[in-house]
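To be precise, the following lines are upload.cif, and they hold mmCIF, C-alpha atoms and all ligand atoms.
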```cif
data_data
#
loop_
_atom_site.label_atom_id
_atom_site.label_comp_id
_atom_site.auth_asym_id
_atom_site.auth_seq_id
_atom_site.Cartn_x
_atom_site.Cartn_y
_atom_site.Cartn_z
CA MET K 208 182.92 101.45 139.59
CA THR K 209 183.23 99.82 136.18
CA GLU K 210 180.28 99.04 133.94
CA ARG K 211 180.26 95.61 132.41
CA THR K 212 179.67 95.53 128.65
CA LEU K 213 178.62 92.82 126.23
CA LYS K 214 181.58 90.64 125.20
CA GLN K 215 180.13 87.66 123.36
CA VAL K 216 176.71 86.35 122.28
CA ILE K 217 176.02 82.61 122.24
CA PRO K 218 172.60 82.04 120.60
CA GLY K 219 170.57 79.14 121.99
CA ALA K 220 170.67 76.23 119.54
CA GLU K 221 167.51 74.12 119.10
CA THR K 222 168.15 70.56 120.18
CA SER K 223 166.50 67.81 122.20
CA ASP K 224 167.53 65.97 125.34
CA GLY K 225 166.15 63.33 127.72
CA ALA K 226 163.56 61.18 125.95
CA GLY K 227 162.90 63.93 123.38
CA VAL K 228 162.32 67.23 125.16
CA ARG K 229 162.84 70.24 122.90
CA ILE K 230 165.26 72.75 124.34
CA LYS K 231 167.41 75.72 123.38
CA ARG K 232 170.99 75.16 124.54
CA SER K 233 173.27 78.18 124.75
CA LEU K 234 176.16 77.46 127.15
CA GLY K 235 177.40 73.92 126.63
CA GLN K 236 176.21 73.37 123.06
CA HIS K 237 179.94 72.87 122.38
CA PRO K 238 182.86 72.54 124.84
CA SER K 239 184.23 75.90 123.65
CA VAL K 240 181.13 77.77 124.81
CA ARG K 241 181.06 77.12 128.51
CA LEU K 242 181.37 79.97 131.02
CA ASP K 243 183.42 78.69 133.96
CA PRO K 244 181.98 77.66 136.47
CA PHE K 245 178.84 77.16 134.34
CA LEU K 246 178.84 74.17 132.01
CA MET K 247 175.47 74.37 130.33
CA LEU K 248 172.25 76.38 130.15
CA ASP K 249 169.09 74.95 128.60
CA GLU K 250 165.85 76.86 128.09
CA PHE K 251 162.70 74.80 127.67
CA GLY K 252 159.42 76.40 126.72
CA SER K 253 156.42 75.14 124.82
CA ALA K 254 152.64 75.07 124.87
CA ASP K 255 152.72 71.83 122.87
CA ALA K 256 152.88 68.78 125.16
CA ALA K 257 154.65 66.79 122.42
CA ASP K 258 157.70 68.99 123.06
CA TYR K 259 158.04 67.98 126.73
CA ILE K 260 155.80 65.02 127.59
CA ALA K 261 158.56 62.38 127.25
CA GLY K 262 160.52 64.06 130.06
CA PHE K 263 163.85 62.89 131.43
CA PRO K 264 163.56 59.24 132.56
CA SER K 265 166.09 57.78 134.99
CA HIS K 266 169.67 58.89 134.23
CA PRO K 267 172.94 59.45 136.15
CA HIS K 268 175.15 62.48 136.91
CA ARG K 269 178.55 62.90 138.54
CA GLY K 270 180.82 65.85 139.30
CA PHE K 271 178.61 68.96 139.28
CA GLU K 272 175.27 70.51 140.28
CA THR K 273 172.06 71.09 138.34
CA VAL K 274 169.78 74.03 139.04
CA THR K 275 166.31 73.78 137.53
CA TYR K 276 164.09 76.87 137.58
CA MET K 277 160.49 76.32 136.59
CA ILE K 278 158.85 79.51 135.32
CA GLU K 279 155.60 77.76 134.50
CA GLY K 280 154.71 74.09 134.62
CA HIS K 281 154.83 71.04 136.86
CA MET K 282 157.55 68.40 136.98
CA LEU K 283 158.31 65.58 139.43
CA HIS K 284 161.89 64.79 140.47
CA GLU K 285 162.72 61.38 141.97
CA ASP K 286 166.19 60.06 142.80
CA HIS K 287 167.99 56.99 144.20
CA LEU K 288 168.19 58.60 147.66
CA GLY K 289 164.39 58.47 147.84
CA ASN K 290 163.92 62.21 147.34
CA ARG K 291 160.69 63.17 145.67
CA GLY K 292 160.16 66.80 144.74
CA GLU K 293 157.39 68.62 142.98
CA LEU K 294 158.69 71.47 140.89
CA ARG K 295 156.00 74.06 140.15
CA ASN K 296 155.58 77.64 138.90
CA GLY K 297 158.41 79.78 140.25
CA GLY K 298 160.14 76.95 142.13
CA VAL K 299 163.77 75.86 141.97
CA GLN K 300 165.40 72.49 142.40
CA TRP K 301 169.08 72.56 143.40
CA MET K 302 170.66 69.15 142.97
CA THR K 303 174.24 68.25 143.87
CA ALA K 304 175.25 65.19 141.89
CA GLY K 305 178.60 64.95 143.68
CA ARG K 306 179.99 61.42 143.32
CA GLY K 307 176.76 60.21 141.84
CA ILE K 308 173.03 60.56 141.59
CA ILE K 309 170.47 58.71 139.52
CA HIS K 310 167.29 60.66 138.99
CA SER K 311 164.32 61.27 136.74
CA GLU K 312 162.46 64.47 135.92
CA MET K 313 159.02 63.79 134.51
CA PRO K 314 156.23 66.22 133.51
CA GLN K 315 153.10 66.07 135.68
CA GLN K 316 150.90 67.75 133.09
CA GLU K 317 149.54 66.52 129.77
CA GLU K 318 148.75 69.90 128.31
CA GLY K 319 149.47 73.58 128.72
CA VAL K 320 152.66 75.55 128.91
CA MET K 321 155.88 74.29 130.43
CA ARG K 322 158.80 76.66 130.50
CA GLY K 323 161.93 77.16 132.51
CA PHE K 324 165.67 76.64 132.64
CA GLN K 325 168.26 74.11 133.66
CA LEU K 326 171.72 75.36 134.54
CA TRP K 327 174.74 73.11 135.17
CA LEU K 328 177.14 74.46 137.78
CA ASN K 329 180.54 72.80 137.94
CA LEU K 330 182.15 71.68 141.20
CA PRO K 331 185.88 72.15 141.91
CA ALA K 332 187.99 68.94 141.99
CA ALA K 333 187.92 68.92 145.79
CA GLU K 334 184.10 68.68 145.79
CA LYS K 335 183.35 66.47 142.79
CA MET K 336 183.10 63.30 144.90
CA THR K 337 181.07 64.89 147.67
CA ASP K 338 177.82 63.26 148.84
CA ALA K 339 174.84 63.73 146.55
CA GLY K 340 172.24 66.17 147.77
CA TYR K 341 169.00 67.70 146.75
CA ARG K 342 166.99 70.73 147.74
CA ASP K 343 163.54 71.87 146.71
CA ILE K 344 163.11 75.62 146.92
CA GLN K 345 159.53 76.81 147.01
CA PRO K 346 158.66 80.07 145.21
CA GLU K 347 157.82 81.79 148.52
CA ASP K 348 161.34 81.01 149.78
CA ILE K 349 162.99 82.99 146.98
CA PRO K 350 163.52 86.59 148.18
CA GLU K 351 161.94 89.20 145.94
CA ILE K 352 163.40 92.71 146.01
CA THR K 353 161.97 95.81 144.35
CA VAL K 354 164.29 98.58 143.19
CA THR K 355 163.74 101.52 140.86
CA GLY K 356 162.99 100.03 137.44
CA ALA K 357 163.05 96.35 138.37
CA ARG K 358 161.93 93.46 140.53
CA ILE K 359 164.55 90.86 141.42
CA LYS K 360 164.01 87.24 142.45
CA LEU K 361 167.26 86.27 144.14
CA ILE K 362 167.67 82.52 143.69
CA ALA K 363 171.35 82.40 144.71
CA GLY K 364 174.03 84.74 145.97
CA THR K 365 173.96 88.07 147.74
CA MET K 366 173.24 91.52 146.35
CA THR K 367 173.63 94.92 147.94
CA LEU K 368 170.89 97.24 146.69
CA ASP K 369 170.31 100.80 147.92
CA GLY K 370 172.73 100.10 150.77
CA ALA K 371 170.94 96.99 152.01
CA SER K 372 172.43 93.52 151.67
CA HIS K 373 170.06 90.80 150.41
CA GLN K 374 170.68 87.09 150.65
CA GLY K 375 169.35 84.69 148.03
CA ALA K 376 167.73 81.32 148.70
CA VAL K 377 171.08 79.58 148.15
CA VAL K 378 174.39 80.92 149.48
CA GLY K 379 177.68 79.44 150.64
CA ARG K 380 178.66 77.53 147.50
CA SER K 381 182.39 77.62 146.78
CA THR K 382 181.98 79.41 143.41
CA ASP K 383 179.72 82.01 145.06
CA PRO K 384 177.10 81.85 142.27
CA LEU K 385 174.73 84.74 141.69
CA TYR K 386 171.48 83.68 140.04
CA ALA K 387 168.74 86.29 139.72
CA ASP K 388 165.53 86.47 137.70
CA LEU K 389 165.07 90.13 136.75
CA GLN K 390 161.80 91.69 135.74
CA LEU K 391 162.33 95.15 134.25
CA ASP K 392 159.45 97.63 134.26
CA PRO K 393 158.22 98.97 130.90
CA ASP K 394 160.82 101.56 129.86
CA GLY K 395 162.49 100.87 133.20
CA GLN K 396 166.18 101.29 133.93
CA ALA K 397 168.11 99.60 136.72
CA THR K 398 171.74 99.50 137.84
CA LEU K 399 172.72 96.33 139.66
CA PRO K 400 175.97 95.15 141.23
CA VAL K 401 177.77 92.07 139.90
CA PRO K 402 180.90 90.90 141.76
CA ALA K 403 184.10 91.88 139.92
CA GLY K 404 186.08 88.85 138.75
CA HIS K 405 182.98 86.66 138.40
CA ASN K 406 182.18 85.36 134.94
CA ALA K 407 178.71 86.69 134.14
CA MET K 408 175.97 86.53 131.54
CA LEU K 409 172.43 87.75 130.87
CA TYR K 410 169.73 85.58 129.34
CA LEU K 411 166.80 87.59 127.96
CA TYR K 412 163.63 85.50 127.68
CA GLU K 413 160.78 88.03 127.45
CA GLY K 414 160.52 91.54 126.00
CA ASP K 415 163.40 93.75 124.91
CA ALA K 416 166.32 95.00 126.95
CA SER K 417 169.68 96.69 126.52
CA LEU K 418 172.89 96.67 128.50
CA GLY K 419 174.07 100.28 128.29
CA GLU K 420 173.64 101.03 124.59
CA GLN K 421 173.95 97.40 123.50
CA ALA K 422 170.75 95.47 122.70
CA LEU K 423 170.59 92.02 124.28
CA ARG K 424 169.75 89.07 122.12
CA ARG K 425 166.73 86.93 123.10
CA SER K 426 167.25 83.26 124.04
CA ALA K 427 171.02 83.63 124.01
CA ALA K 428 173.83 83.72 126.54
CA ASN K 429 174.84 87.38 126.45
CA VAL K 430 178.29 87.06 128.03
CA LEU K 431 179.65 90.12 129.85
CA GLY K 432 183.13 91.57 130.18
CA ASP K 433 184.50 92.22 133.66
CA GLY K 434 183.34 95.07 135.90
CA ASP K 435 181.33 95.48 139.07
CA ARG K 436 177.90 96.59 137.84
CA ILE K 437 175.43 96.47 134.98
CA THR K 438 172.96 99.07 133.78
CA LEU K 439 169.92 97.60 132.07
CA SER K 440 167.05 99.30 130.30
CA ALA K 441 163.84 97.74 129.01
CA GLY K 442 161.65 98.43 126.01
CA THR K 443 158.05 99.61 126.22
CA ASN K 444 156.77 96.16 127.22
CA GLY K 445 159.35 95.58 129.92
CA ALA K 446 161.58 92.52 129.95
CA ARG K 447 162.44 89.38 131.87
CA LEU K 448 165.97 88.08 132.00
CA LEU K 449 168.31 85.92 134.05
CA LEU K 450 171.51 87.27 135.53
CA ILE K 451 173.94 84.41 136.13
CA ALA K 452 177.45 84.92 137.52
CA GLY K 453 180.05 82.86 139.36
CA ARG K 454 183.69 82.73 140.41
CA PRO K 455 185.65 80.74 137.80
CA ILE K 456 187.19 77.47 139.00
CA GLY K 457 190.05 77.46 136.47
CA GLU K 458 190.49 73.67 136.31
CA PRO K 459 190.43 71.35 133.28
CA VAL K 460 186.94 70.12 132.34
CA VAL K 461 186.44 66.69 130.79
CA GLN K 462 182.81 65.92 130.04
CA TYR K 463 181.20 62.74 128.79
CA GLY K 464 177.43 63.22 128.65
CA PRO K 465 176.15 63.46 132.24
CA PHE K 466 179.61 63.05 133.84
CA VAL K 467 181.87 66.09 134.27
CA MET K 468 185.31 65.51 135.78
CA ASN K 469 188.87 66.89 135.49
CA THR K 470 190.58 64.02 133.64
CA ARG K 471 189.82 61.24 131.13
CA GLU K 472 190.73 58.64 133.76
CA GLU K 473 188.08 60.01 136.10
CA ILE K 474 185.49 59.82 133.31
CA GLU K 475 186.46 56.21 132.59
CA GLN K 476 186.11 55.47 136.31
CA ALA K 477 182.65 57.08 136.33
CA LEU K 478 181.57 54.90 133.39
CA ARG K 479 182.89 51.75 135.09
CA ASP K 480 181.20 52.70 138.35
CA TYR K 481 177.91 53.30 136.57
CA GLN K 482 178.12 50.01 134.66
CA ASN K 483 178.91 48.15 137.90
CA GLY K 484 176.09 49.83 139.81
CA ARG K 485 178.62 51.67 142.01
CA LEU K 486 178.16 55.25 140.79
CA THR K 487 176.28 56.24 143.93
CA ALA K 488 178.09 53.89 146.35
CO CO K 501 169.44 65.12 135.15
#
```
Here is a file; write its structure as structure tokens.
Amino acid sequence: MTERTLKQVIPGAETSDGAGVRIKRSLGQHPSVRLDPFLMLDEFGSADAADYIAGFPSHPHRGFETVTYMIEGHMLHEDHLGNRGELRNGGVQWMTAGRGIIHSEMPQQEEGVMRGFQLWLNLPAAEKMTDAGYRDIQPEDIPEITVTGARIKLIAGTMTLDGASHQGAVVGRSTDPLYADLQLDPDGQATLPVPAGHNAMLYLYEGDASLGEQALRRSAANVLGDGDRITLSAGTNGARLLLIAGRPIGEPVVQYGPFVMNTREEIEQALRDYQNGRLTA
């Protein structure tokens, strides 16, 4: 057993996306700060409607998946396939852009808090042109596991805890992603398995927590070195953090806005297809 330690910290940078939604972007703020197979991680969180009300009107994607986790708030997803999904407190939307999707994500609230995360998960070359797909995952369909010191919402992947194997809401993706929302008890300590060889990070969004002796930075991608487990401890108010890990793809990444492919030629093709109305054909 090898403990993973903190290797790199990528602070979330304040920026805006969509029609003017304020976000903190850690992974993906620059091409040099991706974490294969993850391309981008945005945190959104505000009690001021001006920060989110403009939403994300109709826009395209090709070549990867988006995973949106709503901690608190209400957003409506609509896409060219006719899918319509309400994303509410604790729910997850798992969207496979594949060869092409055109969708919108618009707030369904005019006041109050909206907060959550959007993660971009890359697809290997062999799957980039797969059919688009979309799945709404209700909060009650996300397994919740209690261990000493922590509660775990297992959005994706499998975890063996106290000898029992637990399966998340999403499994069977080729990069075997692990996506867990961890709630540490006040002064709690928990040791959790993370598959060796996976790239992994922790994103602290509430309270204080340490990995071993190393304090985690809030609203930042705390990138981990290799190993097969992590030992976390929380401060007196407890902590909430995301554990995100996946098997690296190891292929070239060429990104142009919402298109993520392996070569420049494929990006140019995506732009032509979009201009000709054939992105989703
Ligand atoms: Co989108």
What does the distance from atom CA of Gln396 of chain K to atom CA of Val299 of chain K come to in Å, to one decimal?
->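 Straight-line distance from atom CA of Gln396 of chain K to atom CA of Val299 of chain K works out to 26.8 Å.
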One decimal, Å: what's the distance from atom CA of Pro384 of chain K over to atom CA of Ala403 of chain K, could you say?
-> 12.5 Å
Give the padded box for segment 253-271 of chain K as lines of an AutoDock Vina configuration file: axis-aligned, covering all atoms listed in the file, 6 Å on each side, centre and edge lengths in Å to one decimal.
```
center_x = 166.7
center_y = 66.5
center_z = 130.9
size_x = 40.2
size_y = 29.4
size_z = 28.9
```
List all protein, DNA and RNA residues that have an atom no more than 10 Å from any atom of ligand CO 501 (chain K), counting all atoms listed in the file, and report them as a list in words.
->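 Final answer, ordered by chain and number: Gly225, Phe263, Pro264, Ser265, His266, Pro267, His268, Arg269, Glu272, Thr273, Val274, Thr275, His284, Asp286, Met302, Ala304, Ile308, Ile309, His310, Ser311, Glu312, Gln325, Trp327 and Pro465 of chain K.
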In Å, rounded to a single decimal, give me how far atom CA of Asp343 of chain K is from atom CA of Gly292 of chain K.
-> 6.4 Å
Skip Met321 of chain K itself and residues of its chain fewer than 5 positions away, then list as a PyMOL selection string all residues within 8 Å of it, counting only C-alpha atoms.
-> chain K and resi 251-254+259+277-281
List every protein, DNA or RNA residue that has an atom no more than 10 Å from (175.6, 88.2, 146.2) in the file's coordinate frame, counting only C-alpha atoms, and report them as a ChimeraX atom specification.
-> /K:361,363-367,372-375,377-378,383-387,400-402,452-453
Can you work out which one of K:Thr337, K:Glu472, K:Leu389, K:Glu318 has the shortest atom-to-atom distance to Ile352 of chain K, counting only C-alpha atoms?
->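 Of the candidates, the smallest distance to Ile352 of chain K is held by K:Leu389.
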Contacts of Asn444 of chain K at 12 Å or less, counting all atoms listed in the file, minus same-chain residues fewer than 3 places along, as a ChimeraX atom specification?
-> /K:390-395,413-416,440-441,447
Residues from the last selection, C-alpha atoms, saved as a PDB file, in the coordinates of the input:
```pdb
ATOM      1  CA  GLN K 390     161.800  91.690 135.740  1.00  0.00           C
ATOM      2  CA  LEU K 391     162.330  95.150 134.250  1.00  0.00           C
ATOM      3  CA  ASP K 392     159.450  97.630 134.260  1.00  0.00           C
ATOM      4  CA  PRO K 393     158.220  98.970 130.900  1.00  0.00           C
ATOM      5  CA  ASP K 394     160.820 101.560 129.860  1.00  0.00           C
ATOM      6  CA  GLY K 395     162.490 100.870 133.200  1.00  0.00           C
ATOM      7  CA  GLU K 413     160.780  88.030 127.450  1.00  0.00           C
ATOM      8  CA  GLY K 414     160.520  91.540 126.000  1.00  0.00           C
ATOM      9  CA  ASP K 415     163.400  93.750 124.910  1.00  0.00           C
ATOM     10  CA  ALA K 416     166.320  95.000 126.950  1.00  0.00           C
ATOM     11  CA  SER K 440     167.050  99.300 130.300  1.00  0.00           C
ATOM     12  CA  ALA K 441     163.840  97.740 129.010  1.00  0.00           C
ATOM     13  CA  ARG K 447     162.440  89.380 131.870  1.00  0.00           C
TER      14      ARG K 447
END
```
Selected residue of minimal separation from Glu473 of chain K among K:Arg232, K:Arg211, K:Arg295, K:Lys335, counting all atoms listed in the file |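 Of K:Arg232, K:Arg211, K:Arg295, K:Lys335, the one nearest Glu473 of chain K, counting all atoms listed in the file, is K:Lys335.
Using all atoms listed in the file, the nearest neighbour of Met208 of chain K within the list K:Ala488, K:Gly457, K:Thr398, K:Leu423 is K:Thr398.
Nearest residue to Gly307 of chain K, choosing from K:Leu439, K:Arg479, K:Phe466, K:Arg229 and counting only C-alpha atoms: K:Phe466.
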Pick the closest to Leu399 of chain K from K:Phe245, K:Thr209, K:Gly298, K:Ile349: which is it, counting only C-alpha atoms?
->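 Selected residue with least distance to Leu399 of chain K: K:Thr209.
Nearest-residue note for Phe271 of chain K: choosing from K:Glu334, K:Glu458, K:Glu475, K:Asp249, the minimum distance belongs to K:Glu334, counting all atoms listed in the file.
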Surrounding residues of Ala428 of chain K excluding itself and chain neighbours under 3 positions, 9 Å, all atoms listed in the file, as a PyMOL selection string = chain K and resi 215-219+233-234+248+408-411+424-425
